[in-house]
$ cat query_17.txt   # compact mmCIF, C-alpha atoms and all ligand atoms
# COMPACT_ATOMS: atom_id res chain seq x y z
CA MET V 285 -9.01 -6.25 -0.94
CA GLY V 286 -10.01 -6.68 -4.53
CA THR V 287 -6.90 -8.58 -5.48
CA ASP V 288 -5.14 -11.97 -5.35
CA TYR V 289 -2.92 -13.33 -2.65
CA HIS V 290 -0.24 -16.00 -2.55
CA ILE V 291 1.29 -17.63 0.48
CA THR V 292 4.14 -20.13 0.58
CA VAL V 293 4.78 -21.90 3.87
CA VAL V 294 7.78 -24.18 4.27
CA GLY V 295 7.22 -27.29 6.39
CA PRO V 296 9.70 -28.55 8.97
CA VAL V 297 12.68 -30.39 7.46
CA SER V 298 12.50 -33.12 10.10
CA GLY V 299 8.95 -33.95 9.06
CA GLU V 300 7.65 -33.78 12.61
CA PHE V 301 4.28 -32.74 11.32
CA ASP V 302 2.66 -32.19 7.99
CA ILE V 303 1.14 -28.88 7.14
CA ASN V 304 -2.57 -29.36 6.76
CA VAL V 305 -3.07 -26.92 3.93
CA GLU V 306 -6.84 -26.65 3.77
CA PRO V 307 -7.56 -25.63 7.37
CA LEU V 308 -4.59 -23.25 7.26
CA GLN V 309 -5.90 -21.62 4.10
CA GLN V 310 -9.33 -21.33 5.65
CA ALA V 311 -7.90 -19.72 8.79
CA VAL V 312 -5.93 -17.25 6.64
CA GLU V 313 -9.04 -16.32 4.65
CA GLU V 314 -10.93 -15.70 7.87
CA GLN V 315 -8.17 -13.31 8.93
CA LEU V 316 -8.24 -11.52 5.56
CA GLN V 317 -11.98 -11.10 5.84
CA LEU V 318 -11.52 -9.68 9.31
CA ILE V 319 -9.15 -7.03 7.95
CA ASN V 320 -11.48 -6.26 5.04
CA GLN V 321 -14.35 -5.79 7.47
CA MET V 322 -12.19 -3.27 9.33
CA MET V 323 -10.50 -1.35 6.52
CA SER V 324 -12.25 -1.75 3.17
CA THR V 325 -13.91 1.18 1.40
CA TYR V 326 -15.86 -1.37 -0.68
CA ILE V 327 -17.81 -2.75 2.30
CA SER V 328 -20.40 -0.14 3.30
CA ASP V 329 -20.58 -1.31 6.92
CA SER V 330 -16.83 -1.79 7.42
CA GLU V 331 -15.38 -0.13 10.51
CA LEU V 332 -13.72 2.45 8.25
CA MET V 333 -16.87 3.31 6.28
CA ARG V 334 -18.88 3.62 9.48
CA PHE V 335 -16.21 5.99 10.79
CA ASN V 336 -16.49 8.02 7.56
CA SER V 337 -20.22 8.45 8.10
CA VAL V 338 -20.16 9.56 11.75
CA ALA V 339 -20.94 13.27 12.24
CA VAL V 340 -18.04 15.69 11.91
CA ASN V 341 -16.21 16.43 15.19
CA GLU V 342 -17.62 13.38 16.95
CA TRP V 343 -15.02 11.05 18.47
CA VAL V 344 -15.30 7.39 17.42
CA GLU V 345 -13.73 4.52 19.30
CA LEU V 346 -11.76 2.34 16.89
CA SER V 347 -10.15 -1.10 16.95
CA GLU V 348 -6.42 -1.47 17.60
CA PRO V 349 -5.57 -2.50 14.00
CA VAL V 350 -7.42 0.48 12.51
CA MET V 351 -5.74 2.83 15.00
CA GLU V 352 -2.37 1.32 14.09
CA VAL V 353 -2.92 1.87 10.36
CA LEU V 354 -4.13 5.44 10.98
CA ASN V 355 -1.01 6.15 13.03
CA ILE V 356 1.35 4.67 10.42
CA SER V 357 -0.45 6.71 7.77
CA GLU V 358 -0.18 9.95 9.73
CA ASP V 359 3.52 9.33 10.34
CA ILE V 360 4.18 8.85 6.62
CA SER V 361 1.98 11.85 5.73
CA GLN V 362 4.18 14.01 7.92
CA ARG V 363 7.45 12.52 6.67
CA SER V 364 6.35 12.94 3.05
CA ASN V 365 5.04 16.52 3.50
CA GLY V 366 1.52 15.38 2.76
CA ALA V 367 2.28 13.42 -0.44
CA PHE V 368 0.81 10.41 1.35
CA ASP V 369 -2.68 11.29 2.53
CA ILE V 370 -5.39 8.75 3.36
CA THR V 371 -8.06 11.48 3.21
CA VAL V 372 -7.95 11.44 -0.61
CA GLY V 373 -11.12 9.27 -0.60
CA PRO V 374 -13.42 11.88 -2.23
CA LEU V 375 -10.80 12.50 -4.94
CA VAL V 376 -10.29 8.79 -5.54
CA ASN V 377 -14.04 8.42 -6.08
CA LEU V 378 -14.20 11.51 -8.26
CA TRP V 379 -11.56 10.13 -10.59
CA GLY V 380 -13.40 6.80 -10.72
CA PHE V 381 -10.93 4.62 -8.80
CA GLY V 382 -13.00 4.09 -5.67
CA PRO V 383 -16.09 2.07 -4.76
CA GLU V 384 -18.38 4.58 -6.52
CA MET V 385 -17.85 3.27 -10.03
CA LYS V 386 -17.62 6.04 -12.62
CA PRO V 387 -16.88 6.05 -16.34
CA ASP V 388 -13.32 6.90 -17.34
CA GLN V 389 -13.48 10.65 -17.67
CA VAL V 390 -11.79 13.81 -16.46
CA PRO V 391 -13.95 15.59 -13.84
CA ASP V 392 -14.85 19.27 -14.27
CA ALA V 393 -13.17 22.03 -12.26
CA ASP V 394 -16.07 22.59 -9.83
CA ALA V 395 -16.32 18.93 -8.90
CA LEU V 396 -12.55 18.83 -8.44
CA ALA V 397 -12.56 21.89 -6.16
CA ALA V 398 -15.41 20.40 -4.11
CA ALA V 399 -13.58 17.10 -3.62
CA LEU V 400 -10.30 18.90 -2.80
CA ALA V 401 -12.11 20.88 -0.10
CA ARG V 402 -13.02 17.55 1.55
CA THR V 403 -9.38 16.41 1.69
CA GLY V 404 -6.50 16.90 4.11
CA HIS V 405 -5.02 14.73 6.86
CA LYS V 406 -5.02 17.75 9.18
CA HIS V 407 -8.79 17.17 9.39
CA LEU V 408 -8.22 13.73 10.90
CA GLN V 409 -7.47 13.74 14.63
CA LEU V 410 -6.10 10.68 16.39
CA ASP V 411 -6.26 9.91 20.08
CA VAL V 412 -5.09 6.69 21.80
CA ASN V 413 -8.07 4.50 20.91
CA ARG V 414 -10.34 6.90 19.03
CA ALA V 415 -10.37 9.29 16.13
CA ARG V 416 -12.53 12.01 14.62
CA ARG V 417 -13.01 13.91 11.39
CA THR V 418 -12.98 17.68 11.88
CA ALA V 419 -14.24 18.21 8.31
CA ASP V 420 -16.28 16.01 5.95
CA ILE V 421 -13.27 14.02 4.75
CA GLY V 422 -13.38 10.44 3.50
CA VAL V 423 -10.63 8.16 4.74
CA ASP V 424 -9.33 5.60 2.22
CA LEU V 425 -6.80 3.04 3.46
CA SER V 426 -6.24 1.34 0.09
CA ALA V 427 -2.60 2.48 -0.17
CA VAL V 428 -1.60 0.85 3.12
CA ALA V 429 -4.17 -1.84 4.01
CA LYS V 430 -2.78 -4.47 1.65
CA GLY V 431 0.64 -4.07 3.26
CA TYR V 432 -0.93 -4.14 6.70
CA GLY V 433 -2.77 -7.32 5.72
CA VAL V 434 0.53 -8.91 4.70
CA ASP V 435 2.04 -8.07 8.10
CA TRP V 436 -1.06 -9.35 9.84
CA ILE V 437 -0.93 -12.72 8.06
CA ALA V 438 2.85 -12.93 8.63
CA ASN V 439 2.29 -12.46 12.37
CA PHE V 440 -0.56 -14.96 12.26
CA LEU V 441 1.73 -17.60 10.70
CA ALA V 442 4.63 -16.82 13.05
CA ASP V 443 2.28 -17.19 16.04
CA ARG V 444 1.40 -20.66 14.76
CA GLY V 445 5.04 -21.70 14.83
CA PHE V 446 6.01 -21.24 11.20
CA ASP V 447 9.55 -19.94 10.72
CA ASN V 448 9.85 -19.88 6.93
CA PHE V 449 7.22 -18.36 4.69
CA MET V 450 6.32 -15.76 2.11
CA VAL V 451 3.10 -13.76 2.13
CA GLU V 452 2.02 -11.67 -0.85
CA ILE V 453 -1.19 -9.66 -1.33
CA GLY V 454 -1.65 -7.76 -4.58
CA GLY V 455 2.09 -7.45 -5.15
CA GLU V 456 3.08 -6.40 -1.62
CA VAL V 457 5.33 -9.08 -0.16
CA ARG V 458 6.89 -10.08 3.13
CA VAL V 459 9.30 -12.95 3.64
CA VAL V 460 10.46 -14.65 6.82
CA GLY V 461 13.29 -17.17 7.14
CA GLN V 462 14.24 -19.18 4.08
CA SER V 463 12.68 -20.47 0.88
CA PRO V 464 11.81 -24.16 0.33
CA ARG V 465 15.32 -24.59 -1.12
CA SER V 466 16.89 -23.39 2.14
CA THR V 467 18.16 -20.30 0.37
CA PRO V 468 17.16 -16.67 0.91
CA TRP V 469 13.82 -15.80 -0.64
CA ARG V 470 14.11 -14.10 -4.03
CA ILE V 471 11.68 -11.33 -4.88
CA ALA V 472 11.44 -9.97 -8.40
CA ILE V 473 10.89 -6.34 -9.27
CA GLU V 474 8.61 -6.46 -12.30
CA GLN V 475 9.19 -4.89 -15.66
CA PRO V 476 7.04 -1.74 -15.57
CA SER V 477 4.62 -2.96 -18.23
CA VAL V 478 1.75 -5.41 -18.13
CA LEU V 479 2.38 -6.25 -21.79
CA ALA V 480 6.04 -7.17 -21.49
CA GLY V 481 6.07 -8.46 -17.93
CA GLY V 482 8.62 -10.62 -16.15
CA ALA V 483 11.43 -9.82 -13.75
CA ARG V 484 13.65 -6.78 -14.19
CA LEU V 485 15.68 -7.40 -11.06
CA ALA V 486 15.66 -10.15 -8.43
CA LEU V 487 16.36 -9.36 -4.79
CA SER V 488 17.60 -11.84 -2.21
CA VAL V 489 15.97 -10.84 1.04
CA ASP V 490 15.44 -12.21 4.51
CA ASN V 491 12.83 -10.94 6.97
CA HIS V 492 11.91 -7.93 4.90
CA ALA V 493 8.88 -6.54 3.13
CA VAL V 494 8.83 -5.27 -0.45
CA ALA V 495 6.15 -3.08 -2.02
CA THR V 496 5.86 -1.48 -5.46
CA SER V 497 3.78 1.41 -6.76
CA GLY V 498 3.55 1.90 -10.48
CA ASP V 499 1.62 3.69 -13.16
CA TYR V 500 1.36 0.64 -15.38
CA ARG V 501 -1.42 -1.39 -13.73
CA ASN V 502 -4.26 0.77 -12.47
CA TYR V 503 -5.07 3.71 -14.78
CA PHE V 504 -7.35 4.90 -17.55
CA GLU V 505 -6.53 6.83 -20.72
CA VAL V 506 -8.35 9.75 -22.35
CA ASP V 507 -6.92 11.36 -25.51
CA GLY V 508 -3.62 9.58 -25.02
CA VAL V 509 -3.17 10.89 -21.45
CA ARG V 510 -2.74 8.29 -18.74
CA TYR V 511 -4.61 8.92 -15.47
CA SER V 512 -3.20 6.92 -12.57
CA HIS V 513 -5.09 5.84 -9.44
CA THR V 514 -2.43 7.58 -7.36
CA ILE V 515 -3.59 11.11 -6.54
CA ASP V 516 -1.43 14.11 -5.73
CA PRO V 517 -3.21 15.52 -2.65
CA VAL V 518 -1.97 19.04 -3.50
CA THR V 519 -3.53 19.27 -6.96
CA GLY V 520 -6.27 16.69 -6.43
CA ARG V 521 -5.24 15.16 -9.76
CA PRO V 522 -3.65 11.84 -10.71
CA ILE V 523 0.13 12.04 -10.65
CA LYS V 524 1.75 13.03 -13.89
CA HIS V 525 5.43 12.34 -14.20
CA ASN V 526 7.87 9.88 -15.71
CA LEU V 527 8.24 7.51 -12.77
CA ALA V 528 7.15 4.09 -14.06
CA SER V 529 7.59 2.22 -10.79
CA VAL V 530 8.98 2.65 -7.31
CA THR V 531 9.84 -0.26 -5.03
CA VAL V 532 10.44 0.09 -1.30
CA VAL V 533 12.09 -2.51 0.94
CA ALA V 534 11.27 -2.05 4.63
CA GLU V 535 10.81 -3.92 7.90
CA THR V 536 7.05 -4.06 7.55
CA ALA V 537 4.83 -4.34 4.51
CA ALA V 538 2.49 -1.61 5.80
CA ARG V 539 5.28 0.95 5.80
CA ALA V 540 6.74 -0.31 2.51
CA ASP V 541 3.29 -0.07 0.89
CA ALA V 542 2.59 3.44 2.19
CA TRP V 543 6.06 4.69 1.32
CA ALA V 544 5.82 3.32 -2.22
CA THR V 545 2.65 5.35 -2.78
CA ALA V 546 4.16 8.44 -1.11
CA LEU V 547 7.31 8.34 -3.26
CA ASN V 548 5.22 7.69 -6.36
CA VAL V 549 3.39 10.96 -5.66
CA LEU V 550 6.66 12.83 -5.13
CA GLY V 551 8.15 11.58 -8.38
CA PRO V 552 11.69 10.53 -9.31
CA LYS V 553 13.62 13.56 -8.10
CA LYS V 554 11.93 14.63 -4.86
CA GLY V 555 11.06 11.01 -4.13
CA MET V 556 14.67 9.83 -4.32
CA GLU V 557 15.86 12.82 -2.27
CA LEU V 558 13.40 11.96 0.49
CA ALA V 559 14.27 8.25 0.25
CA ASN V 560 17.91 9.09 0.96
CA ALA V 561 17.05 11.58 3.72
CA GLU V 562 14.85 8.93 5.39
CA GLN V 563 17.40 6.16 4.69
CA LEU V 564 14.80 4.11 2.87
CA ALA V 565 15.76 1.25 0.55
CA VAL V 566 14.22 2.37 -2.75
CA TYR V 567 14.49 1.28 -6.38
CA MET V 568 12.99 3.42 -9.15
CA ILE V 569 12.36 2.79 -12.82
CA VAL V 570 12.01 6.03 -14.76
CA LYS V 571 10.61 6.43 -18.27
CA THR V 572 12.73 8.33 -20.77
CA LYS V 573 12.24 8.82 -24.47
CA ASP V 574 14.77 6.05 -25.15
CA GLY V 575 13.40 3.52 -22.68
CA PHE V 576 13.65 2.94 -18.96
CA VAL V 577 16.40 4.11 -16.62
CA ASP V 578 16.86 2.60 -13.15
CA SER V 579 18.10 4.28 -10.00
CA GLN V 580 18.47 3.28 -6.36
CA SER V 581 18.86 4.89 -2.95
CA VAL V 582 22.04 4.47 -0.90
CA THR V 583 20.31 2.13 1.54
CA PHE V 584 19.01 -0.01 -1.34
CA SER V 585 22.49 -0.50 -2.79
CA GLN V 586 23.79 -1.54 0.64
CA LEU V 587 21.02 -4.13 0.81
CA LEU V 588 22.26 -5.75 -2.40
CA HIS V 589 25.63 -6.62 -0.87
P1 LIG Y 1 0.06 1.26 -5.73
O1 LIG Y 1 0.49 -0.17 -5.63
O2 LIG Y 1 0.01 1.77 -7.14
O3 LIG Y 1 0.72 2.19 -4.75
P2 LIG Y 1 -1.94 1.05 -3.80
O4 LIG Y 1 -3.09 0.10 -3.94
O5 LIG Y 1 -0.88 0.81 -2.82
O6 LIG Y 1 -1.42 1.20 -5.27
O7 LIG Y 1 -2.49 2.51 -3.51
C1 LIG Y 1 -3.30 3.20 -4.42
C2 LIG Y 1 -4.63 3.53 -3.79
O8 LIG Y 1 -4.38 4.40 -2.67
C3 LIG Y 1 -5.55 4.28 -4.70
O9 LIG Y 1 -6.42 3.43 -5.39
C4 LIG Y 1 -6.28 5.19 -3.73
O10 LIG Y 1 -7.38 4.50 -3.15
C5 LIG Y 1 -5.28 5.47 -2.65
N1 LIG Y 1 -4.47 6.69 -2.88
C6 LIG Y 1 -4.31 7.39 -4.04
N2 LIG Y 1 -3.49 8.44 -3.87
C7 LIG Y 1 -3.10 8.41 -2.56
C8 LIG Y 1 -2.25 9.26 -1.78
N3 LIG Y 1 -1.63 10.32 -2.28
N4 LIG Y 1 -2.09 8.93 -0.46
C9 LIG Y 1 -2.72 7.85 0.07
N5 LIG Y 1 -3.52 7.04 -0.61
C10 LIG Y 1 -3.72 7.30 -1.92
MG MG Y 2 0.70 1.56 -1.59
$ encode --input "query_17.txt" --output "structure tokens"
Amino acid sequence: MGTDYHITVVGPVSGEFDINVEPLQQAVEEQLQLINQMMSTYISDSELMRFNSVAVNEWVELSEPVMEVLNISEDISQRSNGAFDITVGPLVNLWGFGPEMKPDQVPDADALAAALARTGHKHLQLDVNRARRTADIGVDLSAVAKGYGVDWIANFLADRGFDNFMVEIGGEVRVVGQSPRSTPWRIAIEQPSVLAGGARLALSVDNHAVATSGDYRNYFEVDGVRYSHTIDPVTGRPIKHNLASVTVVAETAARADAWATALNVLGPKKGMELANAEQLAVYMIVKTKDGFVDSQSVTFSQLLH
């Protein structure tokens, strides 16, 4: 997934058995590779990339995990009025954030129009165990696959009898049970700057997932303008607003991850309106000329009590 992961597993207090870390780590890495082989746009023969290369209109049978991620994505596309759209692949590549490495530059209008024409989740049809592209779209699961991977590993650990653990992949987190200190897990929302990092706010959470989208990690700059890797599917351009970061707390990391990207596209105003309409737990950090201003959805403030 092109990023780091961290997992903390708490052993049994009674000391009935010791956790054998090395085989567990190896088993986890095997699982992560499995997910990559299904969902990565960076592996040319991944299940996803093979799907992207099958002829238009042809149905393709897909694995259960890929179908599940496609269904979650379609649900959030609809709920976000298309702000979340996994068919942005051609645009992501055009702007140089995908597997086709490109120099940091602003594409010309023709190239942009061509990539936009190959975008739109309405061109992706889902059936029970198969899917098809009805136009030459390119599906990109990068905004949801890390979260899905977190859920996958969490289920993997729970199936092996672990009751207390934290799984984090590239900043998307899920916690189960309690921390090693027998207290609720604490998850920090970062300061929205890689230069002055650290925690801005710490959340005490149990059995929840937390995901953050921000403009401060993955971007390039030309003439003082910052181009984010989050694309507005309507304009085909990187988002341009004053939302520095948006954090979503949800039951699953896949949904938290996808929602964070969706709300990031919508921006502070529309994003917070939708968060409240959908009863999502959301925390936003907005840039102003005097610094950062924080805001939270109703459901988020209830979570803090
Ligand atoms: P962030 O943590 O900033 O949300 P993610 O890794 O979750 O970052 O998602 C960003 C990636 O998702 C991009 O690199 C791109 O591949 C893809 N993406 C960009 N814009 C959208 C969008 N509007 N809907 C779905 N996926 C997107
Ligand atoms: Mg995301």
$ closest_atom_pairs --input "query_17.txt" --of "segment 430-533 of chain V" --to "segment 568-589 of chain V" --cutoff "12 Å" --atoms "all atoms listed in the file" --output "tab-separated table"
residue	atom	partner	partner_atom	distance
V:Arg470	CA	V:Leu588	CA	11.8
V:Ile473	CA	V:Ile569	CA	9.9
V:Glu474	CA	V:Ile569	CA	10.0
V:Gln475	CA	V:Ile569	CA	8.8
V:Pro476	CA	V:Ile569	CA	7.5
V:Ser477	CA	V:Phe576	CA	10.8
V:Arg484	CA	V:Ile569	CA	9.8
V:Leu485	CA	V:Asp578	CA	10.3
V:Ala486	CA	V:Leu588	CA	10.0
V:Leu487	CA	V:Leu588	CA	7.3
V:Ser488	CA	V:Leu588	CA	7.7
V:Val489	CA	V:Leu587	CA	8.4
V:Asp490	CA	V:Leu587	CA	10.5
V:His492	CA	V:Leu587	CA	10.7
V:Val494	CA	V:Phe584	CA	11.5
V:Ala495	CA	V:Met568	CA	11.8
V:Thr496	CA	V:Met568	CA	9.4
V:Ser497	CA	V:Met568	CA	9.7
V:Gly498	CA	V:Ile569	CA	9.2
V:Asp499	CA	V:Lys571	CA	10.7
V:Tyr500	CA	V:Lys571	CA	11.3
V:Lys524	CA	V:Lys571	CA	11.9
V:His525	CA	V:Lys571	CA	8.9
V:Asn526	CA	V:Lys571	CA	5.1
V:Leu527	CA	V:Val570	CA	4.5
V:Ala528	CA	V:Val570	CA	5.3
V:Ser529	CA	V:Ile569	CA	5.2
V:Val530	CA	V:Met568	CA	4.5
V:Thr531	CA	V:Met568	CA	6.4
V:Val532	CA	V:Phe584	CA	8.6
V:Val533	CA	V:Phe584	CA	7.7
$ residues_near_ligand --input "query_17.txt" --ligand "ligand LIG 1 (chain Y)" --cutoff "9 Å" --atoms "all atoms listed in the file" --output "ChimeraX atom specification"
/V:325,357,361,366-373,375-377,381-382,423-431,454-456,495-502,512-518,520,522-523,529-530,541-546,548-549
$ residues_around --input "query_17.txt" --residues "Val390 of chain V" --least-positions-apart "6" --cutoff "9 Å" --atoms "all atoms listed in the file" --output "JSON, numbers by chain"
{"V": [378, 379, 506, 511]}
$ residues_near_point --input "query_17.txt" --point "(-13.5, 18.1, -1.7)" --cutoff "9 Å" --atoms "all atoms listed in the file" --output "ChimeraX atom specification"
/V:372,374-375,395-403,420-421,520
$ axis_aligned_box --input "query_17.txt" --around "segment 289-296 of chain V" --padding-each-side "8 Å" --output "JSON"
{"center_x": 3.4, "center_y": -20.9, "center_z": 3.2, "size_x": 28.6, "size_y": 31.2, "size_z": 27.6}
$ atom_distance --input "query_17.txt" --atom1 "atom CA of Gly482 of chain V" --atom2 "atom CA of Tyr289 of chain V"
18.0 Å
$ residues_near_point --input "query_17.txt" --point "(-1.7, 6.8, 14.0)" --cutoff "12 Å" --atoms "all atoms listed in the file" --output "list of chain:residue names"
V:Leu346, V:Ser347, V:Glu348, V:Pro349, V:Val350, V:Met351, V:Glu352, V:Val353, V:Leu354, V:Asn355, V:Ile356, V:Ser357, V:Glu358, V:Asp359, V:Ile360, V:Ser361, V:Gln362, V:Ile370, V:His405, V:Leu408, V:Gln409, V:Leu410, V:Asp411, V:Val412, V:Asn413, V:Arg414, V:Ala415
$ atom_distance --input "query_17.txt" --atom1 "atom CA of Gly461 of chain V" --atom2 "atom CA of Leu441 of chain V"
12.1 Å
$ closest_residue --input "query_17.txt" --among "V:Val293, V:Val460, V:Ile453, V:Leu479" --to "ligand MG 2 (chain Y)" --atoms "only C-alpha atoms and all ligand atoms"
V:Ile453
$ atom_distance --input "query_17.txt" --atom1 "atom CA of Met556 of chain V" --atom2 "atom CA of Arg539 of chain V"
16.4 Å
$ closest_residue --input "query_17.txt" --among "V:Met333, V:Asn491, V:Thr519, V:Arg363" --to "Leu564 of chain V" --atoms "only C-alpha atoms"
V:Arg363
$ closest_residue --input "query_17.txt" --among "V:Gly286, V:Tyr432, V:Ala480, V:Ala472" --to "ligand MG 2 (chain Y)" --atoms "all atoms listed in the file"
V:Tyr432
$ closest_residue --input "query_17.txt" --among "V:Arg521, V:Asp394, V:Ala537, V:Glu452" --to "ligand MG 2 (chain Y)" --atoms "only C-alpha atoms and all ligand atoms"
V:Ala537
$ closest_residue --input "query_17.txt" --among "V:Ala565, V:Leu550, V:Ile437, V:Ala540" --to "ligand MG 2 (chain Y)" --atoms "only C-alpha atoms and all ligand atoms"
V:Ala540
$ closest_residue --input "query_17.txt" --among "V:Ala493, V:Val451, V:Met285, V:Ala438" --to "Leu318 of chain V" --atoms "all atoms listed in the file"
V:Met285
$ decode --input "query_17.txt" --residues "segment 320-342 of chain V" --atoms "C-alpha atoms" --output "short mmCIF file (atom, residue, chain, number, x, y, z; two decimals), in the first residue's frame"
data_model
loop_
_atom_site.label_atom_id
_atom_site.label_comp_id
_atom_site.auth_asym_id
_atom_site.auth_seq_id
_atom_site.Cartn_x
_atom_site.Cartn_y
_atom_site.Cartn_z
CA ASN V 320 -2.37 -5.60 -2.22
CA GLN V 321 -2.59 -8.32 -4.84
CA MET V 322 -6.35 -7.72 -4.95
CA MET V 323 -6.62 -3.94 -4.75
CA SER V 324 -3.38 -2.16 -5.62
CA THR V 325 -3.07 0.08 -8.67
CA TYR V 326 0.72 -0.28 -8.38
CA ILE V 327 0.72 -4.02 -9.14
CA SER V 328 0.00 -4.45 -12.85
CA ASP V 329 -1.48 -7.94 -12.44
CA SER V 330 -3.53 -7.19 -9.31
CA GLU V 331 -7.17 -8.25 -9.47
CA LEU V 332 -8.14 -4.57 -9.76
CA MET V 333 -5.72 -3.76 -12.58
CA ARG V 334 -6.80 -6.86 -14.50
CA PHE V 335 -10.41 -5.71 -14.09
CA ASN V 336 -9.41 -2.26 -15.42
CA SER V 337 -7.99 -3.85 -18.57
CA VAL V 338 -10.92 -6.12 -19.46
CA ALA V 339 -12.93 -4.94 -22.48
CA VAL V 340 -15.67 -2.40 -21.83
CA ASN V 341 -19.11 -3.93 -21.12
CA GLU V 342 -17.69 -7.36 -20.31
#
